[in-house]
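*Asks:* Just one file: data_38.cif, with mmCIF, N, CA and C atoms and all ligand atoms.
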data_data
#
loop_
_atom_site.label_atom_id
_atom_site.label_comp_id
_atom_site.auth_asym_id
_atom_site.auth_seq_id
_atom_site.Cartn_x
_atom_site.Cartn_y
_atom_site.Cartn_z
N MET Y 1066 83.18 127.55 98.46
CA MET Y 1066 82.52 128.04 99.70
C MET Y 1066 83.46 127.80 100.89
N PRO Y 1067 83.73 128.83 101.72
CA PRO Y 1067 84.57 128.57 102.90
C PRO Y 1067 83.87 127.60 103.86
N ALA Y 1068 84.66 126.87 104.61
CA ALA Y 1068 84.09 125.91 105.56
C ALA Y 1068 83.25 126.63 106.61
N ASP Y 1069 82.12 126.05 106.97
CA ASP Y 1069 81.26 126.49 108.09
C ASP Y 1069 80.59 127.84 107.89
N VAL Y 1070 80.63 128.36 106.67
CA VAL Y 1070 79.96 129.64 106.38
C VAL Y 1070 79.00 129.40 105.21
N ASN Y 1071 77.83 130.07 105.26
CA ASN Y 1071 76.90 129.91 104.15
C ASN Y 1071 77.04 131.06 103.14
N ALA Y 1072 76.21 131.01 102.12
CA ALA Y 1072 76.35 131.99 101.03
C ALA Y 1072 76.04 133.41 101.47
N ASN Y 1073 75.35 133.56 102.62
CA ASN Y 1073 75.07 134.91 103.14
C ASN Y 1073 76.22 135.45 103.99
N GLY Y 1074 77.23 134.58 104.25
CA GLY Y 1074 78.34 135.01 105.11
C GLY Y 1074 78.08 134.74 106.57
N ASP Y 1075 76.95 134.05 106.88
CA ASP Y 1075 76.66 133.65 108.26
C ASP Y 1075 77.16 132.22 108.48
N ILE Y 1076 77.02 131.74 109.74
CA ILE Y 1076 77.49 130.38 110.04
C ILE Y 1076 76.56 129.35 109.40
N PHE Y 1077 77.15 128.34 108.80
CA PHE Y 1077 76.42 127.25 108.14
C PHE Y 1077 75.56 126.49 109.16
N GLY Y 1078 74.29 126.28 108.81
CA GLY Y 1078 73.36 125.61 109.74
C GLY Y 1078 73.80 124.23 110.15
N GLY Y 1079 74.47 123.50 109.25
CA GLY Y 1079 74.94 122.16 109.58
C GLY Y 1079 75.96 122.16 110.70
N TRP Y 1080 76.77 123.20 110.76
CA TRP Y 1080 77.75 123.32 111.84
C TRP Y 1080 77.01 123.52 113.17
N VAL Y 1081 75.99 124.38 113.14
CA VAL Y 1081 75.21 124.63 114.37
C VAL Y 1081 74.54 123.33 114.81
N MET Y 1082 74.01 122.56 113.85
CA MET Y 1082 73.34 121.30 114.21
C MET Y 1082 74.31 120.34 114.90
N ALA Y 1083 75.52 120.27 114.41
CA ALA Y 1083 76.52 119.38 115.03
C ALA Y 1083 76.80 119.79 116.47
N GLN Y 1084 76.92 121.11 116.70
CA GLN Y 1084 77.20 121.59 118.07
C GLN Y 1084 76.01 121.30 118.98
N VAL Y 1085 74.78 121.43 118.44
CA VAL Y 1085 73.57 121.16 119.23
C VAL Y 1085 73.52 119.68 119.60
N ASP Y 1086 73.87 118.81 118.66
CA ASP Y 1086 73.88 117.36 118.95
C ASP Y 1086 74.88 117.06 120.07
N LEU Y 1087 76.06 117.68 119.99
CA LEU Y 1087 77.06 117.48 121.04
C LEU Y 1087 76.57 118.00 122.38
N ALA Y 1088 76.02 119.22 122.38
CA ALA Y 1088 75.54 119.81 123.64
C ALA Y 1088 74.40 118.98 124.22
N GLY Y 1089 73.51 118.51 123.34
CA GLY Y 1089 72.36 117.72 123.80
C GLY Y 1089 72.78 116.38 124.39
N SER Y 1090 73.92 115.87 123.96
CA SER Y 1090 74.35 114.54 124.41
C SER Y 1090 74.99 114.57 125.81
N VAL Y 1091 75.28 115.77 126.32
CA VAL Y 1091 76.01 115.85 127.59
C VAL Y 1091 75.19 115.27 128.74
N LEU Y 1092 73.91 115.69 128.87
CA LEU Y 1092 73.09 115.17 129.98
C LEU Y 1092 72.86 113.66 129.85
N PRO Y 1093 72.43 113.15 128.67
CA PRO Y 1093 72.25 111.70 128.57
C PRO Y 1093 73.52 110.91 128.88
N SER Y 1094 74.68 111.47 128.56
CA SER Y 1094 75.92 110.72 128.81
C SER Y 1094 76.18 110.54 130.30
N ARG Y 1095 75.52 111.35 131.13
CA ARG Y 1095 75.71 111.23 132.59
C ARG Y 1095 75.07 109.97 133.16
N ILE Y 1096 74.21 109.33 132.36
CA ILE Y 1096 73.58 108.08 132.83
C ILE Y 1096 74.64 107.00 133.01
N GLY Y 1097 75.71 107.10 132.21
CA GLY Y 1097 76.79 106.12 132.35
C GLY Y 1097 76.65 104.97 131.37
N GLN Y 1098 75.67 105.04 130.46
CA GLN Y 1098 75.53 104.01 129.43
C GLN Y 1098 75.96 104.61 128.10
N ARG Y 1099 76.21 103.74 127.11
CA ARG Y 1099 76.54 104.22 125.77
C ARG Y 1099 75.25 104.75 125.15
N MET Y 1100 75.29 105.99 124.64
CA MET Y 1100 74.09 106.62 124.10
C MET Y 1100 74.33 107.00 122.64
N VAL Y 1101 73.26 106.88 121.81
CA VAL Y 1101 73.35 107.37 120.43
C VAL Y 1101 72.16 108.28 120.15
N THR Y 1102 72.36 109.18 119.22
CA THR Y 1102 71.27 110.05 118.78
C THR Y 1102 70.38 109.24 117.86
N VAL Y 1103 69.08 109.14 118.19
CA VAL Y 1103 68.17 108.43 117.29
C VAL Y 1103 67.37 109.41 116.44
N ALA Y 1104 67.09 110.61 116.99
CA ALA Y 1104 66.24 111.54 116.23
C ALA Y 1104 66.50 112.98 116.61
N VAL Y 1105 66.41 113.82 115.60
CA VAL Y 1105 66.28 115.27 115.81
C VAL Y 1105 64.79 115.53 115.59
N ASN Y 1106 64.05 115.65 116.70
CA ASN Y 1106 62.59 115.73 116.59
C ASN Y 1106 62.12 117.11 116.15
N GLU Y 1107 62.90 118.12 116.49
CA GLU Y 1107 62.53 119.49 116.09
C GLU Y 1107 63.81 120.30 116.04
N PHE Y 1108 63.89 121.19 115.07
CA PHE Y 1108 65.08 122.04 114.99
C PHE Y 1108 64.66 123.36 114.35
N ILE Y 1109 64.81 124.43 115.08
CA ILE Y 1109 64.37 125.73 114.55
C ILE Y 1109 65.55 126.71 114.58
N PHE Y 1110 65.87 127.22 113.40
CA PHE Y 1110 66.87 128.29 113.31
C PHE Y 1110 66.09 129.60 113.42
N LYS Y 1111 66.08 130.19 114.60
CA LYS Y 1111 65.25 131.39 114.81
C LYS Y 1111 65.92 132.64 114.26
N GLN Y 1112 67.24 132.69 114.40
CA GLN Y 1112 68.01 133.85 113.95
C GLN Y 1112 69.34 133.33 113.40
N PRO Y 1113 69.95 134.04 112.47
CA PRO Y 1113 71.26 133.59 111.98
C PRO Y 1113 72.34 133.71 113.06
N VAL Y 1114 73.33 132.81 112.97
CA VAL Y 1114 74.54 132.94 113.79
C VAL Y 1114 75.56 133.64 112.92
N ARG Y 1115 76.15 134.70 113.44
CA ARG Y 1115 77.08 135.47 112.65
C ARG Y 1115 78.53 135.10 113.02
N VAL Y 1116 79.43 135.29 112.09
CA VAL Y 1116 80.85 135.03 112.35
C VAL Y 1116 81.29 135.93 113.51
N GLY Y 1117 81.93 135.31 114.52
CA GLY Y 1117 82.42 136.06 115.68
C GLY Y 1117 81.48 136.01 116.87
N ASP Y 1118 80.21 135.59 116.67
CA ASP Y 1118 79.29 135.47 117.80
C ASP Y 1118 79.82 134.47 118.83
N ILE Y 1119 79.51 134.72 120.09
CA ILE Y 1119 79.84 133.76 121.15
C ILE Y 1119 78.56 132.99 121.47
N LEU Y 1120 78.61 131.66 121.31
CA LEU Y 1120 77.40 130.85 121.50
C LEU Y 1120 77.40 130.18 122.87
N SER Y 1121 76.19 130.12 123.47
CA SER Y 1121 75.99 129.37 124.71
C SER Y 1121 74.86 128.39 124.49
N PHE Y 1122 75.06 127.17 124.99
CA PHE Y 1122 74.08 126.08 124.79
C PHE Y 1122 73.52 125.68 126.15
N TYR Y 1123 72.19 125.65 126.25
CA TYR Y 1123 71.52 125.27 127.49
C TYR Y 1123 70.62 124.08 127.21
N SER Y 1124 70.80 123.01 127.97
CA SER Y 1124 69.98 121.83 127.69
C SER Y 1124 69.24 121.38 128.94
N SER Y 1125 68.07 120.76 128.72
CA SER Y 1125 67.31 120.19 129.83
C SER Y 1125 66.60 118.94 129.33
N VAL Y 1126 66.38 118.02 130.26
CA VAL Y 1126 65.73 116.76 129.88
C VAL Y 1126 64.22 116.98 129.85
N ARG Y 1127 63.63 116.67 128.72
CA ARG Y 1127 62.19 116.89 128.53
C ARG Y 1127 61.39 115.62 128.79
N ARG Y 1128 61.99 114.45 128.46
CA ARG Y 1128 61.26 113.18 128.61
C ARG Y 1128 62.26 112.06 128.90
N VAL Y 1129 61.86 111.16 129.79
CA VAL Y 1129 62.66 109.96 130.03
C VAL Y 1129 61.77 108.76 129.71
N GLY Y 1130 62.17 107.96 128.74
CA GLY Y 1130 61.38 106.79 128.36
C GLY Y 1130 61.99 105.53 128.93
N ARG Y 1131 61.70 104.39 128.30
CA ARG Y 1131 62.26 103.12 128.78
C ARG Y 1131 63.73 103.01 128.42
N THR Y 1132 64.04 103.37 127.15
CA THR Y 1132 65.44 103.29 126.70
C THR Y 1132 65.98 104.64 126.23
N SER Y 1133 65.12 105.66 126.19
CA SER Y 1133 65.54 106.92 125.56
C SER Y 1133 65.36 108.12 126.48
N VAL Y 1134 66.12 109.15 126.15
CA VAL Y 1134 66.04 110.43 126.85
C VAL Y 1134 65.90 111.52 125.78
N THR Y 1135 64.90 112.37 125.95
CA THR Y 1135 64.70 113.47 125.00
C THR Y 1135 65.11 114.77 125.66
N VAL Y 1136 65.91 115.54 124.93
CA VAL Y 1136 66.56 116.72 125.49
C VAL Y 1136 66.19 117.96 124.67
N ASP Y 1137 65.89 119.02 125.38
CA ASP Y 1137 65.61 120.30 124.76
C ASP Y 1137 66.91 121.12 124.80
N VAL Y 1138 67.30 121.70 123.68
CA VAL Y 1138 68.53 122.51 123.64
C VAL Y 1138 68.18 123.91 123.12
N GLU Y 1139 68.60 124.92 123.86
CA GLU Y 1139 68.41 126.30 123.41
C GLU Y 1139 69.79 126.91 123.22
N VAL Y 1140 69.94 127.68 122.14
CA VAL Y 1140 71.24 128.29 121.84
C VAL Y 1140 71.08 129.81 121.80
N TYR Y 1141 71.95 130.47 122.53
CA TYR Y 1141 71.95 131.94 122.55
C TYR Y 1141 73.26 132.44 121.98
N ALA Y 1142 73.18 133.52 121.21
CA ALA Y 1142 74.38 134.15 120.65
C ALA Y 1142 74.58 135.51 121.29
N GLU Y 1143 75.81 135.76 121.74
CA GLU Y 1143 76.18 137.13 122.09
C GLU Y 1143 76.82 137.71 120.85
N ARG Y 1144 76.21 138.75 120.34
CA ARG Y 1144 76.67 139.30 119.06
C ARG Y 1144 78.04 139.94 119.21
N PHE Y 1145 78.94 139.57 118.27
CA PHE Y 1145 80.30 140.11 118.30
C PHE Y 1145 80.29 141.63 118.13
N HIS Y 1146 79.39 142.12 117.28
CA HIS Y 1146 79.36 143.56 117.00
C HIS Y 1146 78.37 144.30 117.89
N ASP Y 1147 77.80 143.60 118.88
CA ASP Y 1147 76.84 144.24 119.79
C ASP Y 1147 76.96 143.51 121.13
N GLN Y 1148 78.16 143.63 121.75
CA GLN Y 1148 78.45 142.80 122.92
C GLN Y 1148 77.53 143.14 124.08
N GLY Y 1149 77.12 142.10 124.80
CA GLY Y 1149 76.18 142.27 125.89
C GLY Y 1149 74.75 141.99 125.44
N ARG Y 1150 74.52 141.90 124.14
CA ARG Y 1150 73.18 141.57 123.64
C ARG Y 1150 73.12 140.08 123.30
N PHE Y 1151 72.18 139.40 123.91
CA PHE Y 1151 72.05 137.95 123.72
C PHE Y 1151 70.76 137.67 122.94
N VAL Y 1152 70.90 136.87 121.91
CA VAL Y 1152 69.77 136.56 121.03
C VAL Y 1152 69.60 135.06 120.98
N LYS Y 1153 68.35 134.59 121.16
CA LYS Y 1153 68.12 133.15 121.00
C LYS Y 1153 68.16 132.84 119.50
N VAL Y 1154 69.12 132.02 119.10
CA VAL Y 1154 69.29 131.75 117.67
C VAL Y 1154 68.71 130.41 117.23
N THR Y 1155 68.66 129.45 118.17
CA THR Y 1155 68.24 128.10 117.79
C THR Y 1155 67.54 127.43 118.96
N GLU Y 1156 66.52 126.63 118.65
CA GLU Y 1156 65.98 125.72 119.67
C GLU Y 1156 65.74 124.37 119.01
N ALA Y 1157 65.98 123.31 119.78
CA ALA Y 1157 65.91 121.97 119.19
C ALA Y 1157 65.51 120.94 120.23
N LEU Y 1158 64.96 119.84 119.73
CA LEU Y 1158 64.58 118.71 120.58
C LEU Y 1158 65.20 117.46 119.97
N LEU Y 1159 66.00 116.76 120.76
CA LEU Y 1159 66.71 115.58 120.24
C LEU Y 1159 66.50 114.40 121.18
N THR Y 1160 66.50 113.20 120.60
CA THR Y 1160 66.33 111.99 121.41
C THR Y 1160 67.56 111.10 121.31
N TYR Y 1161 68.00 110.62 122.48
CA TYR Y 1161 69.18 109.76 122.58
C TYR Y 1161 68.73 108.42 123.18
N VAL Y 1162 69.30 107.35 122.65
CA VAL Y 1162 68.92 106.00 123.10
C VAL Y 1162 70.12 105.30 123.74
N ALA Y 1163 69.87 104.62 124.85
CA ALA Y 1163 70.93 103.81 125.49
C ALA Y 1163 71.06 102.51 124.70
N ILE Y 1164 72.29 102.14 124.37
CA ILE Y 1164 72.50 100.90 123.60
C ILE Y 1164 73.48 99.98 124.34
N ASP Y 1165 73.31 98.68 124.02
CA ASP Y 1165 74.22 97.69 124.61
C ASP Y 1165 75.43 97.49 123.69
N SER Y 1166 76.24 96.48 124.00
CA SER Y 1166 77.49 96.28 123.25
C SER Y 1166 77.24 95.86 121.79
N GLU Y 1167 75.99 95.42 121.52
CA GLU Y 1167 75.66 95.05 120.13
C GLU Y 1167 74.91 96.15 119.39
N GLY Y 1168 74.79 97.31 120.04
CA GLY Y 1168 74.11 98.43 119.40
C GLY Y 1168 72.60 98.37 119.48
N LYS Y 1169 72.06 97.48 120.34
CA LYS Y 1169 70.60 97.35 120.51
C LYS Y 1169 70.15 98.22 121.69
N PRO Y 1170 68.91 98.76 121.61
CA PRO Y 1170 68.42 99.58 122.72
C PRO Y 1170 68.43 98.79 124.02
N GLN Y 1171 68.80 99.46 125.10
CA GLN Y 1171 68.77 98.78 126.40
C GLN Y 1171 68.11 99.69 127.42
N ALA Y 1172 67.41 99.07 128.38
CA ALA Y 1172 66.64 99.84 129.36
C ALA Y 1172 67.56 100.76 130.16
N LEU Y 1173 67.06 101.95 130.45
CA LEU Y 1173 67.80 102.88 131.29
C LEU Y 1173 67.83 102.34 132.72
N PRO Y 1174 68.88 102.64 133.46
CA PRO Y 1174 68.91 102.18 134.86
C PRO Y 1174 67.96 103.04 135.69
N GLU Y 1175 67.44 102.50 136.77
CA GLU Y 1175 66.61 103.32 137.68
C GLU Y 1175 67.52 103.88 138.76
N ASN Y 1176 68.36 104.84 138.40
CA ASN Y 1176 69.29 105.39 139.38
C ASN Y 1176 68.85 106.80 139.81
N ALA Y 1177 69.67 107.43 140.64
CA ALA Y 1177 69.31 108.73 141.22
C ALA Y 1177 69.18 109.81 140.14
N GLN Y 1178 70.02 109.74 139.13
CA GLN Y 1178 69.98 110.73 138.06
C GLN Y 1178 68.65 110.68 137.30
N ILE Y 1179 68.25 109.47 136.95
CA ILE Y 1179 66.99 109.29 136.22
C ILE Y 1179 65.81 109.74 137.09
N ALA Y 1180 65.86 109.36 138.38
CA ALA Y 1180 64.78 109.75 139.29
C ALA Y 1180 64.68 111.26 139.39
N ALA Y 1181 65.84 111.94 139.45
CA ALA Y 1181 65.84 113.41 139.55
C ALA Y 1181 65.25 114.03 138.29
N TRP Y 1182 65.57 113.49 137.13
CA TRP Y 1182 64.99 114.01 135.88
C TRP Y 1182 63.49 113.81 135.86
N ARG Y 1183 63.04 112.61 136.26
CA ARG Y 1183 61.59 112.34 136.25
C ARG Y 1183 60.86 113.32 137.17
N GLN Y 1184 61.45 113.58 138.34
CA GLN Y 1184 60.82 114.52 139.28
C GLN Y 1184 60.77 115.91 138.69
N ALA Y 1185 61.87 116.34 138.05
CA ALA Y 1185 61.92 117.69 137.46
C ALA Y 1185 60.89 117.84 136.35
N ILE Y 1186 60.73 116.79 135.54
CA ILE Y 1186 59.76 116.83 134.43
C ILE Y 1186 58.35 116.96 135.01
N GLU Y 1187 58.08 116.18 136.06
CA GLU Y 1187 56.74 116.23 136.67
C GLU Y 1187 56.48 117.59 137.30
N ARG Y 1188 57.52 118.15 137.94
CA ARG Y 1188 57.38 119.47 138.57
C ARG Y 1188 57.07 120.54 137.54
N ASN Y 1189 57.75 120.44 136.38
CA ASN Y 1189 57.60 121.48 135.36
C ASN Y 1189 56.35 121.32 134.52
N ALA Y 1190 55.75 120.14 134.55
CA ALA Y 1190 54.53 119.93 133.75
C ALA Y 1190 53.51 119.17 134.58
N PRO Y 1191 53.03 119.79 135.70
CA PRO Y 1191 52.13 119.06 136.58
C PRO Y 1191 50.83 118.66 135.90
N SER Y 1192 50.33 119.51 134.97
CA SER Y 1192 49.05 119.18 134.35
C SER Y 1192 49.20 118.00 133.40
N ALA Y 1193 50.35 117.97 132.65
CA ALA Y 1193 50.59 116.85 131.73
C ALA Y 1193 50.72 115.55 132.52
N ALA Y 1194 51.44 115.62 133.66
CA ALA Y 1194 51.63 114.42 134.47
C ALA Y 1194 50.28 113.95 135.01
N ALA Y 1195 49.44 114.90 135.40
CA ALA Y 1195 48.13 114.55 135.95
C ALA Y 1195 47.25 113.91 134.88
N GLN Y 1196 47.37 114.40 133.64
CA GLN Y 1196 46.55 113.86 132.55
C GLN Y 1196 46.87 112.39 132.27
N LYS Y 1197 48.15 112.02 132.52
CA LYS Y 1197 48.56 110.64 132.23
C LYS Y 1197 47.89 109.66 133.19
N ASN Y 1198 47.55 110.12 134.43
CA ASN Y 1198 47.02 109.20 135.45
C ASN Y 1198 45.50 109.04 135.33
C1 LIG Y 1201 69.05 104.02 118.04
C2 LIG Y 1201 68.74 102.62 117.56
C3 LIG Y 1201 69.60 101.63 118.34
C4 LIG Y 1201 67.26 102.39 117.91
O1 LIG Y 1201 66.95 101.11 117.47
P1 LIG Y 1201 65.40 100.71 117.21
O2 LIG Y 1201 65.33 99.25 117.03
O3 LIG Y 1201 64.85 101.61 116.18
O4 LIG Y 1201 64.78 101.05 118.63
P2 LIG Y 1201 63.31 101.16 119.13
O5 LIG Y 1201 62.30 101.25 118.03
O6 LIG Y 1201 63.14 100.07 120.14
O7 LIG Y 1201 63.33 102.57 119.88
C5 LIG Y 1201 64.24 102.80 120.94
C6 LIG Y 1201 63.83 104.10 121.61
O8 LIG Y 1201 64.03 105.15 120.67
C7 LIG Y 1201 62.84 105.94 120.58
N1 LIG Y 1201 62.71 106.44 119.24
C8 LIG Y 1201 62.86 105.75 118.08
N2 LIG Y 1201 62.64 106.58 117.04
C9 LIG Y 1201 62.36 107.80 117.55
C10 LIG Y 1201 62.04 109.07 117.00
N3 LIG Y 1201 61.95 109.24 115.68
N4 LIG Y 1201 61.82 110.10 117.82
C11 LIG Y 1201 61.88 109.93 119.17
N5 LIG Y 1201 62.19 108.75 119.77
C12 LIG Y 1201 62.41 107.71 118.95
C13 LIG Y 1201 61.71 104.96 120.92
O9 LIG Y 1201 60.55 105.64 121.35
C14 LIG Y 1201 62.37 104.15 122.03
O10 LIG Y 1201 62.35 104.91 123.23
P3 LIG Y 1201 61.71 104.34 124.62
O11 LIG Y 1201 62.24 102.94 124.82
O12 LIG Y 1201 62.24 105.27 125.67
O13 LIG Y 1201 60.23 104.39 124.48
C15 LIG Y 1201 68.94 102.44 116.02
O14 LIG Y 1201 67.91 103.15 115.34
C16 LIG Y 1201 70.28 102.97 115.58
O15 LIG Y 1201 71.31 102.32 115.80
N6 LIG Y 1201 70.32 104.15 114.94
C17 LIG Y 1201 71.56 104.78 114.53
C18 LIG Y 1201 72.07 105.69 115.68
C19 LIG Y 1201 73.28 106.47 115.24
O16 LIG Y 1201 74.18 105.95 114.63
N7 LIG Y 1201 73.26 107.77 115.58
C20 LIG Y 1201 74.29 108.66 115.15
C21 LIG Y 1201 73.91 109.24 113.83
S1 LIG Y 1201 75.30 109.68 112.90
#
Show me the file's structure as C-alpha cells.
Ligand SMILES: CC(C)(COP(=O)(O)OP(=O)(O)OC[C@H]1O[C@@H](n2cnc3c(N)ncnc32)[C@H](O)[C@@H]1OP(=O)(O)O)[C@@H](O)C(=O)NCCC(=O)NCCS

*Replies:*
Amino acid sequence: MPADVNANGDIFGGWVMAQVDLAGSVLPSRIGQRMVTVAVNEFIFKQPVRVGDILSFYSSVRRVGRTSVTVDVEVYAERFHDQGRFVKVTEALLTYVAIDSEGKPQALPENAQIAAWRQAIERNAPSAAAQKN
C-alpha cells in the first residue's frame, strides 16, 4: 500500500487525523504552557480527501476547563479536479491538557487569552451559559 493513501486511492484517514491534531494544537499552544492531546472526543470523516486536494483547517475553542482546552476543527478541501469548489471533509473535537515538567495536569493561567476565549464561548452559546447559572 502506498504511504498516506487508502485502498480506494483516497487519502488515508490516519494522515488526516494527524493533521487535525496538529491544527487543533495551535490555539492551545498560544497559552504558553506545555500542552498534550488527551482525547479525540469526536471525529467525523464527512467526505473523502482526494489526492491533490488543497486542505484548509479552521479551529475554534469550544470549552476552557481548569487544566484543559477543547477545540473544534473543521477541514475543507478544494478539489484538485474541480477548483474553486470547497467541500467540508472532516469535523472533529479534541481536548488538550496543560502539563507541568513532570507531565501532570496543571491549572491554566488566568490571562488575557483565556479570558478572550471564555468571553467568545459565552457569546456564541448564551443559552448554555445561562443554564449553568
Ligand atoms: C493528559 C494527562 C496528563 C491527563 O492526566 P490525568 O491524570 O488523566 O488528568 P485528569 O483526569 O486530571 O484530567 C485532566 C483534564 O483532562 C480532561 N480530560 C481527561 N480525559 C478526557 C476526555 N476523555 N475527554 C475530554 N477531556 C478529558 C479532564 O476533564 C481535565 O480537564 P479540566 O481540568 O479542564 O476539567 C495524561 O492522561 C497523559 O499524560 N496522557 C498522555 C498524553 C499524550 O501523550 N498525548 C499524545 C498522544 S500520542

*Asks:* Taking (74.7, 134.2, 113.7) in the coordinates of the supplied file, I want to know which residues reach to within 7 Å of it, counting only N, CA and C atoms; could you give the answer as JSON, numbers by chain?

*Replies:* {"Y": [1075, 1076, 1112, 1113, 1114, 1115, 1116, 1118, 1142]}

*Asks:* As a ChimeraX atom specification, which residues of chain Y does DSSP assign to alpha helix (DSSP H)?

*Replies:* /Y:1078-1094,1177-1189,1191-1197

*Asks:* For each of Y:Lys1111, Y:Glu1167, Y:Gln1178, Y:Gly1130, take the minimum atom-to-atom distance to Val1154 of chain Y, counting all atoms listed in the file, then give the residue where this is smallest.

*Replies:*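 Nearest to Val1154 of chain Y: Y:Lys1111.
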
*Asks:* So which residues are near ligand LIG 1201 (chain Y), meaning at most 5 Å away with all atoms listed in the file counted, given back as number ranges by chain?

*Replies:* Y: 1101-1104, 1130-1133, 1168-1170

*Asks:* Could you check which of Y:Gly1097, Y:Asn1071, Y:Glu1139, Y:His1146 is closest to Tyr1123 of chain Y, using only N, CA and C atoms?

*Replies:*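 The answer is Y:Glu1139, which sits nearest to Tyr1123 of chain Y.
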
*Asks:* So which residues touch Arg1127 of chain Y within 10 Å, counting only C-alpha atoms, skipping near sequence neighbours fewer than 3 positions away, as a short mmCIF file (atom, residue, chain, number, x, y, z; two decimals) with N, CA and C atoms, keeping the file's coordinate frame?

*Replies:*
data_model
loop_
_atom_site.label_atom_id
_atom_site.label_comp_id
_atom_site.auth_asym_id
_atom_site.auth_seq_id
_atom_site.Cartn_x
_atom_site.Cartn_y
_atom_site.Cartn_z
N SER Y 1124 70.80 123.01 127.97
CA SER Y 1124 69.98 121.83 127.69
C SER Y 1124 69.24 121.38 128.94
N VAL Y 1134 66.12 109.15 126.15
CA VAL Y 1134 66.04 110.43 126.85
C VAL Y 1134 65.90 111.52 125.78
N THR Y 1135 64.90 112.37 125.95
CA THR Y 1135 64.70 113.47 125.00
C THR Y 1135 65.11 114.77 125.66
N VAL Y 1136 65.91 115.54 124.93
CA VAL Y 1136 66.56 116.72 125.49
C VAL Y 1136 66.19 117.96 124.67
N ASP Y 1137 65.89 119.02 125.38
CA ASP Y 1137 65.61 120.30 124.76
C ASP Y 1137 66.91 121.12 124.80
N VAL Y 1138 67.30 121.70 123.68
CA VAL Y 1138 68.53 122.51 123.64
C VAL Y 1138 68.18 123.91 123.12
N LEU Y 1158 64.96 119.84 119.73
CA LEU Y 1158 64.58 118.71 120.58
C LEU Y 1158 65.20 117.46 119.97
N LEU Y 1159 66.00 116.76 120.76
CA LEU Y 1159 66.71 115.58 120.24
C LEU Y 1159 66.50 114.40 121.18
N THR Y 1160 66.50 113.20 120.60
CA THR Y 1160 66.33 111.99 121.41
C THR Y 1160 67.56 111.10 121.31
N TRP Y 1182 65.57 113.49 137.13
CA TRP Y 1182 64.99 114.01 135.88
C TRP Y 1182 63.49 113.81 135.86
N ARG Y 1183 63.04 112.61 136.26
CA ARG Y 1183 61.59 112.34 136.25
C ARG Y 1183 60.86 113.32 137.17
N ALA Y 1185 61.87 116.34 138.05
CA ALA Y 1185 61.92 117.69 137.46
C ALA Y 1185 60.89 117.84 136.35
N ILE Y 1186 60.73 116.79 135.54
CA ILE Y 1186 59.76 116.83 134.43
C ILE Y 1186 58.35 116.96 135.01
N GLU Y 1187 58.08 116.18 136.06
CA GLU Y 1187 56.74 116.23 136.67
C GLU Y 1187 56.48 117.59 137.30
N ASN Y 1189 57.75 120.44 136.38
CA ASN Y 1189 57.60 121.48 135.36
C ASN Y 1189 56.35 121.32 134.52
N ALA Y 1190 55.75 120.14 134.55
CA ALA Y 1190 54.53 119.93 133.75
C ALA Y 1190 53.51 119.17 134.58
#

*Asks:* Using only C-alpha atoms, find the one residue out of Y:Val1126, Y:Leu1092, Y:Ser1121, Y:Ala1163 that sits nearest to Phe1151 of chain Y.

*Replies:*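 For Phe1151 of chain Y, the nearest of the given residues is Y:Ser1121.
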
*Asks:* Rank Y:Asp1086, Y:Asp1147, Y:Tyr1161, Y:Gln1184 by their smallest atom-to-atom distance to Arg1099 of chain Y, using only C-alpha atoms, and report the top residue only.

*Replies:*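 Of Y:Asp1086, Y:Asp1147, Y:Tyr1161, Y:Gln1184, the one nearest Arg1099 of chain Y, counting only C-alpha atoms, is Y:Tyr1161.
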
*Asks:* Suppose you want the space between atom CA of Leu1120 of chain Y and atom CA of Arg1150 of chain Y; what is it in Å?

*Replies:*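 Separation of atom CA of Leu1120 of chain Y and atom CA of Arg1150 of chain Y: 11.7 Å.
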
*Asks:* Could you pull out the strand (DSSP E or B) residues of segment 1111-1165 of chain Y from DSSP and send them as a ChimeraX atom specification?

*Replies:* /Y:1115,1119-1129,1133-1143,1151-1164

*Asks:* Which residue out of Y:Leu1173, Y:Val1129, Y:Val1070, Y:Ile1119 has the minimum interatomic distance to Ile1096 of chain Y when all atoms listed in the file are used?

*Replies:*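 Ranked by minimum distance to Ile1096 of chain Y, first place goes to Y:Leu1173.
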
*Asks:* Report, in Å to a single decimal, how far apart atom N of Leu1087 of chain Y and atom N of Ser1125 of chain Y are.

*Replies:*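 Answer for the atom N of Ser1125 of chain Y to atom N of Leu1087 of chain Y separation: 12.2 Å.
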
*Asks:* Check the smallest atom-to-atom distance from each of Y:Phe1108, Y:Lys1153, Y:Arg1188, Y:Ala1181 to Gly1079 of chain Y using only C-alpha atoms, then report the winner.

*Replies:* Y:Phe1108

*Asks:* Quote the spacing between atom CA of Val1085 of chain Y and atom CA of Val1105 of chain Y in Å to one decimal place.

*Replies:* 10.0 Å
